[in-house]
>>> print(open('upload-v1.txt').read())   # compact mmCIF, C-alpha atoms and all ligand atoms
# COMPACT_ATOMS: atom_id res chain seq x y z
CA MET C 651 -3.54 18.51 -6.33
CA ILE C 652 -1.28 15.52 -7.06
CA HIS C 653 -3.03 13.86 -4.15
CA LEU C 654 -6.45 14.26 -5.81
CA ILE C 655 -5.14 12.86 -9.07
CA LEU C 656 -3.80 9.83 -7.18
CA HIS C 657 -7.24 9.30 -5.66
CA VAL C 658 -8.57 8.84 -9.21
CA LEU C 659 -5.63 7.07 -10.88
CA VAL C 660 -4.75 4.49 -8.22
CA PRO C 661 -8.31 3.08 -8.18
CA ALA C 662 -8.16 2.96 -11.99
CA GLY C 663 -4.94 0.95 -11.80
CA ALA C 664 -6.36 -1.40 -9.17
CA ALA C 665 -9.56 -1.86 -11.19
CA TYR C 666 -7.53 -2.69 -14.29
CA LEU C 667 -5.33 -5.17 -12.41
CA PHE C 668 -7.98 -6.97 -10.37
CA TYR C 669 -11.23 -6.52 -12.28
CA ARG C 670 -10.03 -6.56 -15.88
CA ASP C 671 -13.32 -7.95 -17.30
CA ASN C 672 -15.32 -5.15 -15.78
CA TRP C 673 -12.71 -2.57 -14.93
CA LEU C 674 -14.76 0.52 -15.79
CA LYS C 675 -17.52 -0.40 -13.34
CA ALA C 676 -14.95 -1.46 -10.74
CA TRP C 677 -13.14 1.86 -11.17
CA ALA C 678 -16.39 3.76 -10.55
CA MET C 679 -16.95 1.75 -7.37
CA LEU C 680 -13.36 2.08 -6.12
CA ALA C 681 -13.30 5.81 -6.85
CA THR C 682 -16.31 6.38 -4.58
CA GLY C 683 -13.69 6.19 -1.81
CA ILE C 684 -13.25 9.90 -2.51
CA ILE C 685 -16.56 10.57 -0.73
CA LEU C 686 -14.78 9.75 2.55
CA ASP C 687 -13.28 13.21 2.29
CA VAL C 688 -16.69 14.71 3.16
CA ASP C 689 -15.52 14.51 6.77
CA HIS C 690 -13.06 17.30 5.93
CA LEU C 691 -16.08 19.61 5.73
CA PHE C 692 -16.45 19.31 9.50
CA ALA C 693 -12.85 20.31 10.15
CA VAL C 694 -11.50 23.77 10.82
CA PRO C 695 -9.67 24.82 8.75
CA LEU C 696 -11.27 22.89 5.90
CA TYR C 697 -7.94 22.03 4.38
CA ASP C 698 -4.51 22.16 5.91
CA PRO C 699 -1.62 20.79 3.83
CA ASP C 700 0.44 20.11 6.97
CA ARG C 701 -2.25 18.11 8.70
CA CYS C 702 -2.41 14.34 8.47
CA SER C 703 -5.95 13.15 7.66
CA ILE C 704 -5.42 9.74 9.23
CA GLY C 705 -6.58 9.75 12.82
CA PHE C 706 -7.89 13.32 12.52
CA HIS C 707 -11.06 13.28 10.40
CA PHE C 708 -13.64 10.86 11.74
CA LEU C 709 -13.90 8.76 8.57
CA HIS C 710 -10.10 8.50 8.65
CA THR C 711 -9.74 7.15 12.20
CA TYR C 712 -8.58 3.66 13.08
CA PRO C 713 -12.06 2.49 14.20
CA ALA C 714 -13.44 3.64 10.82
CA ILE C 715 -10.64 1.78 9.04
CA ALA C 716 -11.53 -1.34 11.07
CA VAL C 717 -15.10 -1.04 9.77
CA TYR C 718 -13.83 -0.88 6.16
CA VAL C 719 -11.82 -4.06 6.76
CA ILE C 720 -14.95 -5.78 8.14
CA LEU C 721 -16.87 -4.65 5.04
CA LEU C 722 -14.41 -6.65 2.92
CA SER C 723 -16.16 -9.81 4.16
CA ILE C 724 -19.47 -8.71 2.63
CA PRO C 725 -19.38 -9.54 -1.11
CA LYS C 726 -21.89 -6.86 -2.13
CA VAL C 727 -19.85 -3.98 -0.71
CA ARG C 728 -16.39 -5.51 -1.02
CA THR C 729 -15.34 -3.37 -3.99
CA PHE C 730 -16.40 -0.19 -2.19
CA ALA C 731 -14.49 -1.32 0.91
CA TRP C 732 -11.34 -1.75 -1.19
CA GLY C 733 -11.88 1.76 -2.51
CA PHE C 734 -12.08 3.10 1.05
CA LEU C 735 -8.92 1.25 2.05
CA ILE C 736 -7.04 2.49 -1.04
CA HIS C 737 -8.09 5.99 0.05
CA MET C 738 -6.70 5.43 3.56
CA VAL C 739 -3.40 4.11 2.19
CA LEU C 740 -3.04 7.12 -0.13
CA ASP C 741 -3.80 9.56 2.68
CA TYR C 742 -1.39 7.70 4.94
CA ILE C 743 1.38 7.96 2.33
CA ALA C 744 0.62 11.68 2.06
CA CYS C 745 1.37 11.97 5.80
CA LEU C 746 4.85 10.54 5.53
ZN ZN U 1 -8.92 11.48 2.70
>>> encode(input="upload-v1.txt", output="structure tokens", more="lines below")
Ligand SMILES: [Zn+2]
Amino acid sequence: MIHLILHVLVPAGAAYLFYRDNWLKAWAMLATGIILDVDHLFAVPLYDPDRCSIGFHFLHTYPAIAVYVILLSIPKVRTFAWGFLIHMVLDYIACL
């Protein structure tokens, strides 16, 4: 539950810090990182609090993360890519 709240609040904080002129729009774009959790729907069981998402779900693997980093170089999708990377960092912290 706290984890889900972080997935909404951390993008809000990042949007406010880095996109202050347009933070509401930036927040919406960064928060779309949450959709990466659709890959959990393919996992059995759907949710396991003791399981680390990173490296398990296919949108949370290192090759997927490499793609998000590459997306940072494309201006049109850069904000979304940051949202995806924020998501990975939050999930990674949750694993510790
Ligand atoms: Zn996740």
>>> residues_near_ligand(input="upload-v1.txt", ligand="ligand ZN 1 (chain U)", cutoff="9 Å", atoms="only C-alpha atoms and all ligand atoms", output="compact mmCIF listing (two decimals) with C-alpha atoms, keeping the file's coordinate frame")
# COMPACT_ATOMS: atom_id res chain seq x y z
CA HIS C 657 -7.24 9.30 -5.66
CA GLY C 683 -13.69 6.19 -1.81
CA ILE C 684 -13.25 9.90 -2.51
CA ILE C 685 -16.56 10.57 -0.73
CA LEU C 686 -14.78 9.75 2.55
CA ASP C 687 -13.28 13.21 2.29
CA VAL C 688 -16.69 14.71 3.16
CA ASP C 689 -15.52 14.51 6.77
CA HIS C 690 -13.06 17.30 5.93
CA SER C 703 -5.95 13.15 7.66
CA ILE C 704 -5.42 9.74 9.23
CA HIS C 707 -11.06 13.28 10.40
CA LEU C 709 -13.90 8.76 8.57
CA HIS C 710 -10.10 8.50 8.65
CA HIS C 737 -8.09 5.99 0.05
CA MET C 738 -6.70 5.43 3.56
CA LEU C 740 -3.04 7.12 -0.13
CA ASP C 741 -3.80 9.56 2.68
CA TYR C 742 -1.39 7.70 4.94
>>> axis_aligned_box(input="upload-v1.txt", around="stretch 716-729 of chain C", padding_each_side="6 Å", output="AutoDock Vina command-line options")
--center_x -16.7 --center_y -5.3 --center_z 3.5 --size_x 22.4 --size_y 20.9 --size_z 27.1
>>> residues_around(input="upload-v1.txt", residues="stretch 730-735 of chain C", least_positions_apart="3", cutoff="6 Å", atoms="all atoms listed in the file", output="VMD selection string")
chain C and resid 679 to 680 683 718 721 to 722 727 738
>>> closest_residue(input="upload-v1.txt", among="C:Tyr666, C:Thr729, C:Lys675, C:Phe708", to="C:Leu691", atoms="all atoms listed in the file")
C:Phe708
>>> atom_distance(input="upload-v1.txt", atom1="atom CA of C:Ile736", atom2="atom CA of C:Leu654")
12.7 Å
>>> atom_distance(input="upload-v1.txt", atom1="atom CA of C:Ala681", atom2="atom CA of C:Ala662")
7.8 Å
>>> atom_distance(input="upload-v1.txt", atom1="atom CA of C:Val694", atom2="atom CA of C:Cys745")
18.2 Å
>>> closest_residue(input="upload-v1.txt", among="C:Val739, C:Ala676, C:Ile715, C:Ile724", to="C:Ala664", atoms="only C-alpha atoms")
C:Ala676
>>> decode(input="upload-v1.txt", residues="stretch 672-712 of chain C", atoms="N, CA and C atoms", output="short mmCIF file (atom, residue, chain, number, x, y, z; two decimals), in the first residue's frame")
data_model
loop_
_atom_site.label_atom_id
_atom_site.label_comp_id
_atom_site.auth_asym_id
_atom_site.auth_seq_id
_atom_site.Cartn_x
_atom_site.Cartn_y
_atom_site.Cartn_z
N ASN C 672 5.23 23.38 -15.59
CA ASN C 672 4.19 22.55 -16.18
C ASN C 672 4.06 21.26 -15.38
N TRP C 673 4.14 21.41 -14.06
CA TRP C 673 4.33 20.21 -13.23
C TRP C 673 3.15 19.25 -13.25
N LEU C 674 1.93 19.80 -13.45
CA LEU C 674 0.77 18.92 -13.43
C LEU C 674 0.79 17.96 -14.61
N LYS C 675 1.13 18.49 -15.78
CA LYS C 675 1.22 17.67 -16.99
C LYS C 675 2.39 16.68 -16.85
N ALA C 676 3.50 17.18 -16.32
CA ALA C 676 4.68 16.32 -16.14
C ALA C 676 4.35 15.18 -15.16
N TRP C 677 3.62 15.51 -14.12
CA TRP C 677 3.23 14.50 -13.13
C TRP C 677 2.41 13.41 -13.81
N ALA C 678 1.43 13.81 -14.63
CA ALA C 678 0.59 12.84 -15.33
C ALA C 678 1.45 11.92 -16.19
N MET C 679 2.46 12.49 -16.87
CA MET C 679 3.32 11.69 -17.72
C MET C 679 4.22 10.76 -16.91
N LEU C 680 4.79 11.30 -15.82
CA LEU C 680 5.68 10.48 -14.98
C LEU C 680 4.89 9.35 -14.30
N ALA C 681 3.66 9.64 -13.91
CA ALA C 681 2.87 8.65 -13.18
C ALA C 681 2.42 7.50 -14.08
N THR C 682 2.50 7.69 -15.40
CA THR C 682 2.13 6.58 -16.29
C THR C 682 3.08 5.40 -16.10
N GLY C 683 4.21 5.63 -15.41
CA GLY C 683 5.13 4.54 -15.11
C GLY C 683 4.42 3.40 -14.40
N ILE C 684 3.34 3.72 -13.74
CA ILE C 684 2.56 2.70 -13.01
C ILE C 684 2.06 1.60 -13.96
N ILE C 685 1.82 1.95 -15.24
CA ILE C 685 1.32 0.94 -16.16
C ILE C 685 2.30 -0.21 -16.35
N LEU C 686 3.58 0.01 -15.99
CA LEU C 686 4.56 -1.07 -16.12
C LEU C 686 4.18 -2.26 -15.24
N ASP C 687 3.35 -2.02 -14.26
CA ASP C 687 2.95 -3.11 -13.38
C ASP C 687 1.92 -4.04 -14.03
N VAL C 688 1.52 -3.74 -15.28
CA VAL C 688 0.62 -4.69 -15.98
C VAL C 688 1.30 -6.05 -16.12
N ASP C 689 2.64 -6.06 -16.15
CA ASP C 689 3.31 -7.36 -16.31
C ASP C 689 3.07 -8.28 -15.12
N HIS C 690 2.65 -7.69 -13.97
CA HIS C 690 2.34 -8.53 -12.81
C HIS C 690 1.16 -9.45 -13.12
N LEU C 691 0.31 -9.03 -14.06
CA LEU C 691 -0.88 -9.81 -14.39
C LEU C 691 -0.52 -11.17 -15.00
N PHE C 692 0.71 -11.26 -15.50
CA PHE C 692 1.14 -12.51 -16.13
C PHE C 692 1.88 -13.41 -15.14
N ALA C 693 2.00 -12.93 -13.90
CA ALA C 693 2.75 -13.69 -12.90
C ALA C 693 1.81 -14.50 -12.02
N VAL C 694 2.31 -15.61 -11.54
CA VAL C 694 1.55 -16.44 -10.60
C VAL C 694 2.42 -16.64 -9.36
N PRO C 695 1.98 -16.29 -8.17
CA PRO C 695 0.72 -15.55 -7.92
C PRO C 695 0.83 -14.11 -8.38
N LEU C 696 -0.32 -13.46 -8.54
CA LEU C 696 -0.39 -12.10 -9.05
C LEU C 696 0.48 -11.17 -8.22
N TYR C 697 0.37 -11.32 -6.92
CA TYR C 697 1.12 -10.43 -6.04
C TYR C 697 1.72 -11.25 -4.91
N ASP C 698 2.99 -11.03 -4.68
CA ASP C 698 3.68 -11.73 -3.61
C ASP C 698 4.57 -10.71 -2.91
N PRO C 699 4.24 -10.35 -1.67
CA PRO C 699 4.98 -9.29 -0.99
C PRO C 699 6.46 -9.62 -0.78
N ASP C 700 6.81 -10.91 -0.83
CA ASP C 700 8.21 -11.29 -0.61
C ASP C 700 9.01 -11.39 -1.90
N ARG C 701 8.35 -11.16 -3.01
CA ARG C 701 9.03 -11.31 -4.29
C ARG C 701 9.54 -9.94 -4.75
N CYS C 702 10.75 -9.94 -5.31
CA CYS C 702 11.29 -8.71 -5.86
C CYS C 702 10.86 -8.61 -7.32
N SER C 703 10.23 -7.48 -7.67
CA SER C 703 9.76 -7.29 -9.05
C SER C 703 10.92 -7.22 -10.04
N ILE C 704 12.00 -6.55 -9.61
CA ILE C 704 13.12 -6.31 -10.51
C ILE C 704 13.74 -7.64 -10.92
N GLY C 705 13.83 -7.85 -12.22
CA GLY C 705 14.43 -9.07 -12.74
C GLY C 705 13.45 -10.23 -12.79
N PHE C 706 12.22 -10.02 -12.31
CA PHE C 706 11.24 -11.11 -12.32
C PHE C 706 10.18 -10.86 -13.40
N HIS C 707 9.46 -9.75 -13.28
CA HIS C 707 8.44 -9.41 -14.28
C HIS C 707 9.14 -8.87 -15.53
N PHE C 708 8.59 -9.19 -16.72
CA PHE C 708 9.38 -8.86 -17.91
C PHE C 708 9.58 -7.37 -18.18
N LEU C 709 8.68 -6.52 -17.70
CA LEU C 709 8.91 -5.07 -17.87
C LEU C 709 9.82 -4.52 -16.77
N HIS C 710 10.27 -5.40 -15.88
CA HIS C 710 11.15 -5.02 -14.78
C HIS C 710 12.50 -5.71 -14.89
N THR C 711 12.84 -6.22 -16.07
CA THR C 711 14.13 -6.89 -16.24
C THR C 711 15.18 -5.88 -16.68
N TYR C 712 16.44 -6.28 -16.60
CA TYR C 712 17.51 -5.35 -16.96
C TYR C 712 17.47 -4.95 -18.44
#
